[in-house]
>>> print(open('upload06.txt').read())   # compact mmCIF, C-alpha atoms
# COMPACT_ATOMS: atom_id res chain seq x y z
CA MET A 5 -25.48 46.27 -20.97
CA ILE A 6 -27.00 49.70 -21.35
CA VAL A 7 -26.47 51.22 -24.78
CA ALA A 8 -26.66 55.02 -24.81
CA GLY A 9 -25.75 55.98 -28.32
CA GLY A 10 -28.32 58.62 -29.24
CA GLN A 11 -27.31 62.02 -30.52
CA GLY A 12 -30.49 63.87 -29.64
CA THR A 13 -31.14 65.09 -33.17
CA ARG A 14 -34.84 64.24 -32.95
CA MET A 15 -35.01 66.18 -29.70
CA GLY A 16 -33.68 69.27 -31.44
CA MET A 17 -31.30 69.80 -28.54
CA ALA A 18 -27.56 70.03 -28.24
CA LEU A 19 -27.37 67.62 -25.30
CA PRO A 20 -27.75 63.92 -26.27
CA LYS A 21 -31.17 62.73 -25.16
CA GLN A 22 -29.87 60.25 -22.60
CA PHE A 23 -28.52 63.20 -20.58
CA LEU A 24 -31.71 65.25 -20.64
CA GLN A 25 -33.31 65.81 -17.25
CA LEU A 26 -36.25 63.72 -16.10
CA GLY A 27 -37.48 64.51 -12.61
CA GLY A 28 -34.27 66.46 -11.99
CA LYS A 29 -31.91 63.65 -12.98
CA PRO A 30 -30.60 62.51 -16.38
CA ILE A 31 -32.68 59.90 -18.22
CA LEU A 32 -29.63 57.65 -18.22
CA TYR A 33 -29.46 57.81 -14.43
CA HIS A 34 -32.98 56.41 -14.17
CA THR A 35 -32.17 53.63 -16.63
CA VAL A 36 -29.00 52.58 -14.80
CA ALA A 37 -30.80 52.84 -11.46
CA SER A 38 -33.58 50.53 -12.68
CA PHE A 39 -31.06 47.77 -13.32
CA ALA A 40 -29.02 48.45 -10.18
CA ARG A 41 -32.24 48.12 -8.16
CA ALA A 42 -33.56 45.02 -9.94
CA LEU A 43 -30.20 43.21 -10.03
CA PRO A 44 -27.96 44.41 -7.18
CA GLN A 45 -25.43 41.63 -7.92
CA ALA A 46 -25.19 42.25 -11.66
CA HIS A 47 -22.34 43.95 -13.43
CA ILE A 48 -23.42 46.87 -15.59
CA VAL A 49 -21.66 47.66 -18.86
CA LEU A 50 -22.51 51.14 -20.10
CA VAL A 51 -21.76 51.86 -23.76
CA LEU A 52 -21.42 55.57 -24.48
CA PRO A 53 -20.19 57.62 -27.45
CA GLU A 54 -16.63 58.74 -26.78
CA GLN A 55 -17.57 62.43 -26.80
CA ASP A 56 -20.12 61.81 -24.02
CA VAL A 57 -17.86 60.08 -21.51
CA SER A 58 -17.12 63.48 -19.98
CA LYS A 59 -20.86 63.87 -19.25
CA LEU A 60 -20.98 60.67 -17.24
CA GLN A 61 -20.41 62.55 -14.01
CA MET A 62 -23.90 64.04 -14.49
CA VAL A 63 -25.22 60.49 -14.07
CA LEU A 64 -22.86 59.17 -11.42
CA GLU A 65 -23.29 62.07 -9.01
CA HIS A 66 -26.87 60.96 -8.29
CA PHE A 67 -25.90 57.52 -7.02
CA THR A 68 -25.39 57.27 -3.29
CA ASP A 69 -24.37 53.60 -3.34
CA ARG A 70 -21.44 52.29 -5.29
CA ILE A 71 -22.41 50.99 -8.75
CA ASP A 72 -20.52 48.04 -10.24
CA MET A 73 -20.18 49.46 -13.74
CA THR A 74 -17.77 49.38 -16.68
CA VAL A 75 -17.90 52.19 -19.24
CA VAL A 76 -17.09 51.31 -22.85
CA THR A 77 -16.99 53.79 -25.73
CA GLY A 78 -19.38 52.96 -28.54
CA GLY A 79 -18.91 52.48 -32.26
CA SER A 80 -20.61 54.06 -35.23
CA THR A 81 -23.55 51.61 -35.29
CA ARG A 82 -25.65 49.92 -32.64
CA PHE A 83 -24.11 46.60 -33.73
CA ASP A 84 -20.59 47.91 -33.29
CA SER A 85 -21.42 49.52 -29.94
CA VAL A 86 -22.91 46.32 -28.54
CA LYS A 87 -19.99 44.31 -29.92
CA ARG A 88 -17.56 46.53 -28.04
CA GLY A 89 -19.61 46.22 -24.88
CA LEU A 90 -19.57 42.43 -25.10
CA GLN A 91 -15.78 42.21 -25.13
CA SER A 92 -15.32 41.90 -21.39
CA ILE A 93 -18.36 39.70 -20.72
CA PRO A 94 -17.80 35.99 -19.96
CA LYS A 95 -19.55 33.37 -22.08
CA ASP A 96 -21.39 31.82 -19.12
CA SER A 97 -23.28 35.08 -18.37
CA ILE A 98 -26.87 35.95 -18.96
CA ILE A 99 -26.63 39.21 -20.92
CA LEU A 100 -29.39 41.82 -21.08
CA VAL A 101 -28.99 44.56 -23.68
CA HIS A 102 -31.12 47.62 -22.94
CA ASP A 103 -31.70 51.04 -24.51
CA GLY A 104 -30.28 53.89 -22.42
CA VAL A 105 -33.42 55.93 -23.09
CA ARG A 106 -35.90 53.39 -21.66
CA PRO A 107 -35.80 54.45 -18.00
CA PHE A 108 -39.05 52.84 -16.82
CA VAL A 109 -38.20 49.17 -17.25
CA SER A 110 -39.61 47.37 -14.20
CA ASP A 111 -37.99 44.78 -11.95
CA ALA A 112 -40.66 42.34 -13.08
CA LEU A 113 -39.84 42.76 -16.76
CA ILE A 114 -36.11 42.44 -16.15
CA HIS A 115 -36.65 39.18 -14.26
CA ARG A 116 -39.11 37.90 -16.88
CA CYS A 117 -36.46 38.39 -19.56
CA ILE A 118 -33.77 36.67 -17.51
CA HIS A 119 -35.93 33.64 -16.76
CA ALA A 120 -36.94 33.28 -20.40
CA ALA A 121 -33.32 33.59 -21.56
CA LEU A 122 -32.25 30.92 -19.07
CA GLU A 123 -34.93 28.59 -20.39
CA HIS A 124 -34.93 29.44 -24.11
CA GLY A 125 -31.50 30.98 -24.77
CA ALA A 126 -32.84 34.25 -26.19
CA ALA A 127 -35.84 36.35 -25.14
CA ILE A 128 -37.23 39.79 -25.97
CA PRO A 129 -40.17 41.79 -24.57
CA SER A 130 -43.03 42.28 -26.98
CA LEU A 131 -46.46 43.88 -26.96
CA PRO A 132 -49.52 43.70 -29.16
CA VAL A 133 -50.31 46.80 -31.19
CA VAL A 134 -53.50 48.62 -30.17
CA ASP A 135 -53.48 51.35 -32.80
CA SER A 136 -54.23 50.79 -36.45
CA VAL A 137 -51.05 50.44 -38.48
CA ARG A 138 -50.18 51.16 -42.09
CA MET A 139 -47.25 50.01 -44.15
CA LEU A 140 -45.61 51.69 -47.11
CA GLY A 141 -46.34 49.61 -50.21
CA GLN A 142 -44.61 49.42 -53.57
CA ASP A 143 -46.99 52.10 -54.87
CA ASP A 144 -45.56 54.57 -52.30
CA GLN A 145 -48.89 54.59 -50.45
CA PHE A 146 -49.43 53.59 -46.83
CA ALA A 147 -51.85 50.66 -46.83
CA PRO A 148 -53.49 49.08 -43.76
CA VAL A 149 -51.89 45.98 -42.28
CA ASP A 150 -53.48 43.51 -39.86
CA ARG A 151 -52.31 44.73 -36.47
CA ASN A 152 -53.02 41.32 -34.94
CA LYS A 153 -50.02 40.03 -36.85
CA LEU A 154 -47.73 42.74 -35.44
CA ARG A 155 -45.76 42.87 -32.22
CA ILE A 156 -43.83 45.83 -30.84
CA VAL A 157 -40.40 44.79 -29.63
CA GLN A 158 -38.77 46.46 -26.63
CA THR A 159 -35.64 45.99 -24.59
CA PRO A 160 -34.08 44.48 -22.47
CA GLN A 161 -33.21 41.79 -24.98
CA ALA A 162 -31.85 38.86 -22.98
CA PHE A 163 -29.48 36.10 -24.07
CA ARG A 164 -27.29 33.34 -22.82
CA GLY A 165 -23.71 34.46 -23.38
CA ASP A 166 -22.85 31.34 -25.37
CA ILE A 167 -25.48 32.41 -27.91
CA LEU A 168 -24.96 36.19 -27.99
CA LEU A 169 -21.17 36.34 -28.00
CA PRO A 170 -20.62 34.11 -31.08
CA ALA A 171 -23.44 35.91 -32.90
CA PHE A 172 -21.53 39.20 -32.62
CA GLU A 173 -18.46 37.63 -34.24
CA GLN A 174 -20.32 37.91 -37.57
CA ASP A 175 -19.79 40.78 -39.97
CA TYR A 176 -22.38 43.53 -39.70
CA HIS A 177 -25.45 43.18 -41.88
CA ILE A 178 -28.02 45.89 -42.58
CA ASP A 179 -30.79 43.62 -41.26
CA PHE A 180 -29.24 43.68 -37.77
CA THR A 181 -31.71 46.20 -36.29
CA ASP A 182 -31.49 44.86 -32.75
CA GLU A 183 -29.67 42.09 -30.90
CA ALA A 184 -32.39 39.51 -31.57
CA THR A 185 -31.92 39.83 -35.34
CA VAL A 186 -28.17 39.20 -34.92
CA VAL A 187 -28.82 35.99 -33.00
CA GLU A 188 -31.54 34.86 -35.40
CA SER A 189 -29.20 35.12 -38.36
CA LEU A 190 -27.44 32.09 -36.81
CA GLN A 191 -30.78 30.23 -36.70
CA HIS A 192 -31.35 30.71 -32.97
CA LYS A 193 -35.00 31.10 -32.05
CA VAL A 194 -35.94 34.14 -29.96
CA TRP A 195 -38.66 33.79 -27.32
CA LEU A 196 -41.19 36.59 -26.86
CA VAL A 197 -42.07 37.63 -23.30
CA GLU A 198 -44.70 40.20 -22.41
CA GLY A 199 -43.39 43.76 -22.52
CA GLU A 200 -44.71 46.84 -20.73
CA ARG A 201 -46.51 49.89 -22.11
CA ASN A 202 -44.63 52.17 -19.72
CA ASN A 203 -41.28 50.91 -20.93
CA ILE A 204 -41.21 53.76 -23.43
CA LYS A 205 -38.24 54.77 -25.52
CA ILE A 206 -37.71 58.50 -25.11
CA THR A 207 -36.86 59.90 -28.51
CA THR A 208 -38.89 63.09 -28.96
CA PRO A 209 -39.75 66.12 -26.79
CA GLU A 210 -43.27 64.69 -26.58
CA ASP A 211 -41.95 61.40 -25.17
CA LEU A 212 -39.99 63.39 -22.60
CA HIS A 213 -43.18 65.17 -21.61
CA LEU A 214 -44.93 61.84 -21.17
CA ALA A 215 -41.97 60.55 -19.17
CA GLU A 216 -42.15 63.61 -16.90
CA SER A 217 -45.77 62.73 -16.21
CA ILE A 218 -44.79 59.23 -15.18
CA ILE A 219 -41.98 60.38 -12.94
CA ALA A 220 -44.09 63.15 -11.39
CA GLN A 221 -46.30 60.53 -9.80
CA GLY A 222 -43.24 59.28 -7.97
CA LYS A 223 -43.88 55.71 -9.02
CA ASN A 224 -41.34 53.30 -10.33
CA PHE A 225 -43.05 51.46 -13.12
CA MET B 26 -68.40 61.76 -33.43
CA ILE B 27 -67.06 59.97 -30.40
CA VAL B 28 -67.39 56.20 -30.59
CA ALA B 29 -67.44 54.52 -27.20
CA GLY B 30 -68.10 50.90 -27.95
CA GLY B 31 -65.62 49.03 -25.75
CA GLN B 32 -66.70 46.33 -23.38
CA GLY B 33 -63.74 46.46 -21.04
CA THR B 34 -62.83 42.79 -21.45
CA ARG B 35 -59.13 43.58 -21.75
CA MET B 36 -59.41 45.63 -18.57
CA GLY B 37 -60.76 42.62 -16.69
CA MET B 38 -63.43 44.85 -15.18
CA ALA B 39 -67.20 44.82 -15.21
CA LEU B 40 -67.50 48.51 -16.09
CA PRO B 41 -66.79 49.30 -19.77
CA LYS B 42 -63.42 51.00 -20.03
CA GLN B 43 -64.79 54.34 -21.25
CA PHE B 44 -66.50 54.75 -17.86
CA LEU B 45 -63.46 53.94 -15.73
CA GLN B 46 -62.21 56.82 -13.60
CA LEU B 47 -59.26 58.93 -14.66
CA GLY B 48 -58.43 61.78 -12.31
CA GLY B 49 -61.80 61.30 -10.61
CA LYS B 50 -63.86 61.53 -13.80
CA PRO B 51 -64.77 58.92 -16.43
CA ILE B 52 -62.37 58.53 -19.35
CA LEU B 53 -65.25 59.38 -21.66
CA TYR B 54 -65.79 62.70 -19.88
CA HIS B 55 -62.22 63.72 -20.68
CA THR B 56 -62.63 62.72 -24.31
CA VAL B 57 -65.86 64.67 -24.77
CA ALA B 58 -64.39 67.63 -22.89
CA SER B 59 -61.35 67.70 -25.22
CA PHE B 60 -63.63 68.23 -28.22
CA ALA B 61 -65.98 70.63 -26.44
CA ARG B 62 -62.94 72.75 -25.53
CA ALA B 63 -61.28 72.60 -28.96
CA LEU B 64 -64.49 73.14 -30.93
CA PRO B 65 -67.05 75.06 -28.84
CA GLN B 66 -69.30 75.49 -31.92
CA ALA B 67 -69.25 71.86 -32.99
CA HIS B 68 -72.04 69.37 -32.52
CA ILE B 69 -70.94 66.19 -30.76
CA VAL B 70 -72.46 62.83 -31.66
CA LEU B 71 -71.74 60.23 -29.01
CA VAL B 72 -72.20 56.60 -30.03
CA LEU B 73 -72.72 54.28 -27.06
CA PRO B 74 -73.80 50.65 -26.65
CA GLU B 75 -77.48 50.56 -25.69
CA GLN B 76 -76.78 48.97 -22.31
CA ASP B 77 -74.45 51.86 -21.41
CA VAL B 78 -76.81 54.75 -22.09
CA SER B 79 -77.90 54.57 -18.44
CA LYS B 80 -74.28 55.24 -17.41
CA LEU B 81 -74.13 58.47 -19.39
CA GLN B 82 -75.12 60.50 -16.34
CA MET B 83 -71.69 59.57 -14.88
CA VAL B 84 -70.20 61.60 -17.74
CA LEU B 85 -72.69 64.45 -18.01
CA GLU B 86 -72.66 65.34 -14.31
CA HIS B 87 -69.11 66.66 -14.65
CA PHE B 88 -69.96 69.28 -17.26
CA THR B 89 -70.78 72.71 -15.91
CA ASP B 90 -71.55 74.22 -19.31
CA ARG B 91 -74.20 72.90 -21.61
CA ILE B 92 -72.84 70.44 -24.18
CA ASP B 93 -74.39 70.31 -27.67
CA MET B 94 -74.51 66.53 -27.96
CA THR B 95 -76.63 63.82 -29.56
CA VAL B 96 -76.46 60.29 -28.14
CA VAL B 97 -76.88 57.40 -30.58
CA THR B 98 -76.89 53.72 -29.62
CA GLY B 99 -74.20 51.70 -31.36
CA GLY B 100 -74.29 48.56 -33.46
CA SER B 101 -72.44 45.28 -33.17
CA THR B 102 -69.37 46.46 -35.11
CA ARG B 103 -67.42 49.69 -35.27
CA PHE B 104 -68.62 50.13 -38.86
CA ASP B 105 -72.24 49.75 -37.83
CA SER B 106 -71.83 52.08 -34.86
CA VAL B 107 -70.27 54.84 -36.96
CA LYS B 108 -72.92 54.33 -39.65
CA ARG B 109 -75.65 54.91 -37.08
CA GLY B 110 -73.88 57.98 -35.77
CA LEU B 111 -73.64 59.44 -39.26
CA GLN B 112 -77.39 59.33 -39.85
CA SER B 113 -78.16 62.79 -38.53
CA ILE B 114 -75.06 64.52 -39.91
CA PRO B 115 -75.43 66.82 -42.95
CA LYS B 116 -73.33 66.17 -46.04
CA ASP B 117 -71.65 69.59 -45.95
CA SER B 118 -70.08 68.94 -42.54
CA ILE B 119 -66.51 68.19 -41.66
CA ILE B 120 -66.78 64.99 -39.61
CA LEU B 121 -64.20 63.82 -37.09
CA VAL B 122 -64.54 60.27 -35.81
CA HIS B 123 -62.69 59.68 -32.54
CA ASP B 124 -62.19 56.78 -30.11
CA GLY B 125 -63.98 57.31 -26.79
CA VAL B 126 -60.93 55.99 -24.94
CA ARG B 127 -58.43 58.51 -26.35
CA PRO B 128 -58.94 61.31 -23.82
CA PHE B 129 -55.71 63.25 -24.42
CA VAL B 130 -56.27 64.46 -27.97
CA SER B 131 -55.04 68.06 -28.12
CA ASP B 132 -56.67 71.14 -29.60
CA ALA B 133 -53.77 71.34 -32.03
CA LEU B 134 -54.27 67.82 -33.32
CA ILE B 135 -58.02 68.33 -33.73
CA HIS B 136 -57.43 71.47 -35.76
CA ARG B 137 -54.66 69.84 -37.79
CA CYS B 138 -57.09 67.08 -38.80
CA ILE B 139 -59.84 69.54 -39.70
CA HIS B 140 -57.56 71.65 -41.86
CA ALA B 141 -56.21 68.63 -43.69
CA ALA B 142 -59.73 67.25 -44.27
CA LEU B 143 -60.82 70.60 -45.69
CA GLU B 144 -57.89 70.58 -48.06
CA HIS B 145 -57.61 66.88 -48.93
CA GLY B 146 -61.06 65.45 -48.16
CA ALA B 147 -59.82 62.79 -45.73
CA ALA B 148 -57.08 62.94 -43.10
CA ILE B 149 -55.85 60.75 -40.26
CA PRO B 150 -53.19 61.30 -37.59
CA SER B 151 -50.17 59.05 -37.92
CA LEU B 152 -46.88 58.56 -36.13
CA PRO B 153 -43.62 56.85 -36.97
CA VAL B 154 -42.84 53.71 -35.00
CA VAL B 155 -39.86 54.02 -32.64
CA ASP B 156 -39.80 50.46 -31.33
CA SER B 157 -38.67 47.50 -33.38
CA VAL B 158 -41.63 45.63 -34.85
CA ARG B 159 -42.16 42.02 -35.86
CA MET B 160 -44.82 40.51 -38.06
CA LEU B 161 -46.26 37.02 -38.00
CA GLY B 162 -45.15 35.21 -41.13
CA GLN B 163 -46.51 32.19 -42.94
CA ASP B 164 -44.18 29.97 -40.89
CA ASP B 165 -45.97 31.08 -37.69
CA GLN B 166 -42.86 32.96 -36.55
CA PHE B 167 -42.60 36.68 -35.82
CA ALA B 168 -40.02 38.11 -38.21
CA PRO B 169 -38.59 41.66 -38.15
CA VAL B 170 -40.15 44.25 -40.44
CA ASP B 171 -38.65 47.60 -41.44
CA ARG B 172 -40.23 50.03 -38.97
CA ASN B 173 -39.44 52.94 -41.30
CA LYS B 174 -42.18 51.60 -43.55
CA LEU B 175 -44.74 51.55 -40.73
CA ARG B 176 -47.00 54.26 -39.40
CA ILE B 177 -49.23 54.08 -36.33
CA VAL B 178 -52.70 55.42 -37.09
CA GLN B 179 -54.69 57.29 -34.44
CA THR B 180 -57.95 59.16 -34.28
CA PRO B 181 -59.62 61.65 -34.86
CA GLN B 182 -60.06 60.54 -38.44
CA ALA B 183 -61.39 63.56 -40.32
CA PHE B 184 -63.47 63.69 -43.49
CA ARG B 185 -65.58 65.92 -45.63
CA GLY B 186 -69.17 64.72 -45.24
CA ASP B 187 -69.64 64.28 -48.98
CA ILE B 188 -66.86 61.67 -48.86
CA LEU B 189 -67.62 59.90 -45.58
CA LEU B 190 -71.41 59.63 -45.82
CA PRO B 191 -71.54 57.84 -49.20
CA ALA B 192 -68.68 55.55 -48.12
CA PHE B 193 -70.82 54.26 -45.24
CA GLU B 194 -73.59 53.33 -47.66
CA GLN B 195 -71.49 50.32 -48.67
CA ASP B 196 -71.98 46.88 -47.20
CA TYR B 197 -69.62 46.03 -44.38
CA HIS B 198 -66.33 44.38 -45.34
CA ILE B 199 -63.89 42.69 -42.95
CA ASP B 200 -61.10 45.03 -44.14
CA PHE B 201 -62.96 48.04 -42.70
CA THR B 202 -60.81 48.38 -39.58
CA ASP B 203 -61.27 52.13 -39.25
CA GLU B 204 -63.06 54.93 -41.12
CA ALA B 205 -60.12 55.60 -43.45
CA THR B 206 -60.29 52.07 -44.84
CA VAL B 207 -64.00 52.53 -45.59
CA VAL B 208 -63.31 55.70 -47.55
CA GLU B 209 -60.33 54.19 -49.35
CA SER B 210 -62.42 51.31 -50.65
CA LEU B 211 -64.09 53.96 -52.85
CA GLN B 212 -60.66 55.03 -54.14
CA HIS B 213 -60.47 58.20 -52.03
CA LYS B 214 -56.95 59.05 -50.91
CA VAL B 215 -56.40 59.60 -47.19
CA TRP B 216 -53.93 62.26 -46.08
CA LEU B 217 -51.61 61.57 -43.13
CA VAL B 218 -51.14 64.35 -40.56
CA GLU B 219 -48.77 64.17 -37.63
CA GLY B 220 -50.29 62.41 -34.60
CA GLU B 221 -49.34 62.71 -30.94
CA ARG B 222 -47.63 60.23 -28.64
CA ASN B 223 -49.86 61.27 -25.75
CA ASN B 224 -53.00 60.56 -27.74
CA ILE B 225 -53.02 57.05 -26.27
CA LYS B 226 -55.84 54.57 -26.57
CA ILE B 227 -56.64 53.27 -23.10
CA THR B 228 -57.27 49.54 -23.44
CA THR B 229 -55.42 47.86 -20.59
CA PRO B 230 -54.96 48.51 -16.84
CA GLU B 231 -51.39 49.51 -17.69
CA ASP B 232 -52.62 52.15 -20.15
CA LEU B 233 -54.93 53.46 -17.43
CA HIS B 234 -51.97 53.72 -15.10
CA LEU B 235 -50.05 55.70 -17.70
CA ALA B 236 -53.11 57.90 -18.27
CA GLU B 237 -53.32 58.57 -14.53
CA SER B 238 -49.73 59.79 -14.66
CA ILE B 239 -50.57 62.21 -17.44
CA ILE B 240 -53.64 63.55 -15.70
CA ALA B 241 -51.87 63.82 -12.35
CA GLN B 242 -49.68 66.54 -13.79
CA GLY B 243 -52.80 68.56 -14.40
CA LYS B 244 -51.86 69.24 -17.97
CA ASN B 245 -54.08 68.97 -20.96
CA PHE B 246 -51.98 67.40 -23.67
>>> encode(input="upload06.txt", output="structure tokens")
Amino acid sequence: MIVAGGQGTRMGMALPKQFLQLGGKPILYHTVASFARALPQAHIVLVLPEQDVSKLQMVLEHFTDRIDMTVVTGGSTRFDSVKRGLQSIPKDSIILVHDGVRPFVSDALIHRCIHAALEHGAAIPSLPVVDSVRMLGQDDQFAPVDRNKLRIVQTPQAFRGDILLPAFEQDYHIDFTDEATVVESLQHKVWLVEGERNNIKITTPEDLHLAESIIAQGKNF
Amino acid sequence: MIVAGGQGTRMGMALPKQFLQLGGKPILYHTVASFARALPQAHIVLVLPEQDVSKLQMVLEHFTDRIDMTVVTGGSTRFDSVKRGLQSIPKDSIILVHDGVRPFVSDALIHRCIHAALEHGAAIPSLPVVDSVRMLGQDDQFAPVDRNKLRIVQTPQAFRGDILLPAFEQDYHIDFTDEATVVESLQHKVWLVEGERNNIKITTPEDLHLAESIIAQGKNF
């Protein structure tokens, strides 16, 4: 499941960020293509805001092969969008939920997540933090935190269907910031697999610039 | 002051990471060149491990213009290395301390840090976190934290000399993870300026790959 809900406000552009061009094709094309390439047998569920369904042709026109894809219109929150996307997915699936604006996910990472989900039920990519990090304290100041205790969490977040589907039957809670937190609220443990630095989430013009650099080398990371 | 203390262990290579090639020149060349370009009048202090001084020619041979630079051998910790580098710097300077493996710092960011240090005494570049983040809790599990409360901290960290120099007269403390924490231990406030996504710290082969992509576009970010 690829969730493309962004509105592009941080980009300062009228077009939602997932439709911005990267190497001459929309970001969302690259994301879908990464999964189609890694998992030719998989079914792709694309969750899109209703007002963006008309822009889908911008993505589809770049595919030469047929893509096995269902398009679902999203809700007002990430939780609601994913919940809608799950409706047609059978319980005995392995389900990967991925951000539409992370185009550089590699085959290796996708397979790492699947294998970990098969073994552990729930798995997410994570990375150590190399920069110093500060956290807002009760005194309204940013104080240093021990970066060795921190992990960055990426997508795809991978789950056995019999774990993910019941978890999304719950009512929404403000702590549900990703799919892993939804599953954990039912006491399921989530396994961490190694993420990838290049698996960036494109949210600012600067990220798009960086992404252009990656794509310009013609490599699929 | 450019601090190039890494040993390259995370790179899995014999050559320290600051000497690895990026676009045909050592990473450290690019870092020094960024400052030489942004601040042609500035004096550069380069802090290097003693065993790496002999490798400096690899960096210097790529400069066509003369570089106003002092080389200082580093200590066993970052704190000690910076302290040694500070020894020849006058108190009425504005001092920027920068990681040797952050080659893509822009002119704009360097000047932003200087201006903020002039106004506020101490300034560091910071960025919001776009990925989800988890923190190791007392139960040995990684639990979600509110990323809106987190800021990534980069370099250059910029200070008025009359603040930074006395701060480094203190004894070393384990909480001194960067220069800002040293200054804060004397109750100085540190101002946050906006950092840059491309100002990456190259610590893994994957980072180097990403850096190659940036340099391949021939742009100076």
>>> interface_residues(input="upload06.txt", of="chain B", to="chain A", cutoff="8 Å", atoms="only C-alpha atoms", output="MDAnalysis selection string")
chainID B and resid 155:161 167 169 174:179 202:203 206 221:223 226 228 231:232 235 238:242
>>> atom_distance(input="upload06.txt", atom1="CA of Leu85 in chain B", atom2="CA of Tyr54 in chain B")
7.4 Å
>>> residues_around(input="upload06.txt", residues="Glu144 in chain B", least_positions_apart="5", cutoff="10 Å", atoms="only C-alpha atoms", output="ChimeraX atom specification")
/B:138-139,184-185,216
>>> closest_residue(input="upload06.txt", among="B:Gln212, B:Ser118, B:Ser106, B:Phe129", to="Ala183 in chain B", atoms="all atoms listed in the file")
B:Ser118
>>> closest_residue(input="upload06.txt", among="A:Leu168, A:Leu122, A:Val63, A:Ala112", to="Gln25 in chain A", atoms="only C-alpha atoms")
A:Val63
>>> closest_residue(input="upload06.txt", among="A:Ala18, A:Val187, A:Ile114, A:Leu60", to="Leu43 in chain A", atoms="only C-alpha atoms")
A:Ile114
>>> closest_residue(input="upload06.txt", among="B:Gln82, B:Leu111, B:Met94, B:Gly49", to="Gln66 in chain B", atoms="only C-alpha atoms")
B:Met94
>>> closest_residue(input="upload06.txt", among="A:Arg41, A:Arg82, A:Arg70, A:Arg106", to="Ile178 in chain A", atoms="all atoms listed in the file")
A:Arg82
>>> residues_around(input="upload06.txt", residues="range 67-72 of chain B", least_positions_apart="5", cutoff="12 Å", atoms="only C-alpha atoms", output="short mmCIF file (atom, residue, chain, number, x, y, z; two decimals) with C-alpha atoms, keeping the file's coordinate frame")
data_model
loop_
_atom_site.label_atom_id
_atom_site.label_comp_id
_atom_site.auth_asym_id
_atom_site.auth_seq_id
_atom_site.Cartn_x
_atom_site.Cartn_y
_atom_site.Cartn_z
CA MET B 26 -68.40 61.76 -33.43
CA ILE B 27 -67.06 59.97 -30.40
CA VAL B 28 -67.39 56.20 -30.59
CA ALA B 29 -67.44 54.52 -27.20
CA GLY B 30 -68.10 50.90 -27.95
CA GLY B 31 -65.62 49.03 -25.75
CA GLN B 43 -64.79 54.34 -21.25
CA LEU B 53 -65.25 59.38 -21.66
CA TYR B 54 -65.79 62.70 -19.88
CA THR B 56 -62.63 62.72 -24.31
CA VAL B 57 -65.86 64.67 -24.77
CA ALA B 58 -64.39 67.63 -22.89
CA SER B 59 -61.35 67.70 -25.22
CA PHE B 60 -63.63 68.23 -28.22
CA ALA B 61 -65.98 70.63 -26.44
CA ARG B 62 -62.94 72.75 -25.53
CA ASP B 77 -74.45 51.86 -21.41
CA VAL B 78 -76.81 54.75 -22.09
CA LEU B 81 -74.13 58.47 -19.39
CA VAL B 84 -70.20 61.60 -17.74
CA LEU B 85 -72.69 64.45 -18.01
CA ARG B 91 -74.20 72.90 -21.61
CA ILE B 92 -72.84 70.44 -24.18
CA ASP B 93 -74.39 70.31 -27.67
CA MET B 94 -74.51 66.53 -27.96
CA THR B 95 -76.63 63.82 -29.56
CA VAL B 96 -76.46 60.29 -28.14
CA VAL B 97 -76.88 57.40 -30.58
CA THR B 98 -76.89 53.72 -29.62
CA GLY B 99 -74.20 51.70 -31.36
CA GLY B 100 -74.29 48.56 -33.46
CA SER B 101 -72.44 45.28 -33.17
CA THR B 102 -69.37 46.46 -35.11
CA ARG B 103 -67.42 49.69 -35.27
CA PHE B 104 -68.62 50.13 -38.86
CA ASP B 105 -72.24 49.75 -37.83
CA SER B 106 -71.83 52.08 -34.86
CA VAL B 107 -70.27 54.84 -36.96
CA LYS B 108 -72.92 54.33 -39.65
CA ARG B 109 -75.65 54.91 -37.08
CA GLY B 110 -73.88 57.98 -35.77
CA LEU B 111 -73.64 59.44 -39.26
CA GLN B 112 -77.39 59.33 -39.85
CA SER B 113 -78.16 62.79 -38.53
CA ILE B 114 -75.06 64.52 -39.91
CA PRO B 115 -75.43 66.82 -42.95
CA SER B 118 -70.08 68.94 -42.54
CA ILE B 119 -66.51 68.19 -41.66
CA ILE B 120 -66.78 64.99 -39.61
CA LEU B 121 -64.20 63.82 -37.09
CA VAL B 122 -64.54 60.27 -35.81
CA HIS B 123 -62.69 59.68 -32.54
CA ASP B 124 -62.19 56.78 -30.11
CA GLY B 125 -63.98 57.31 -26.79
CA ILE B 135 -58.02 68.33 -33.73
CA ILE B 139 -59.84 69.54 -39.70
#
>>> closest_residue(input="upload06.txt", among="A:Pro53, A:Pro30, A:Pro20, A:Gly199", to="His115 in chain A", atoms="all atoms listed in the file")
A:Gly199
>>> atom_distance(input="upload06.txt", atom1="CA of Ala192 in chain B", atom2="CA of Asp143 in chain A")
23.0 Å
>>> atom_distance(input="upload06.txt", atom1="CA of Pro160 in chain A", atom2="CA of Lys95 in chain A")
18.3 Å
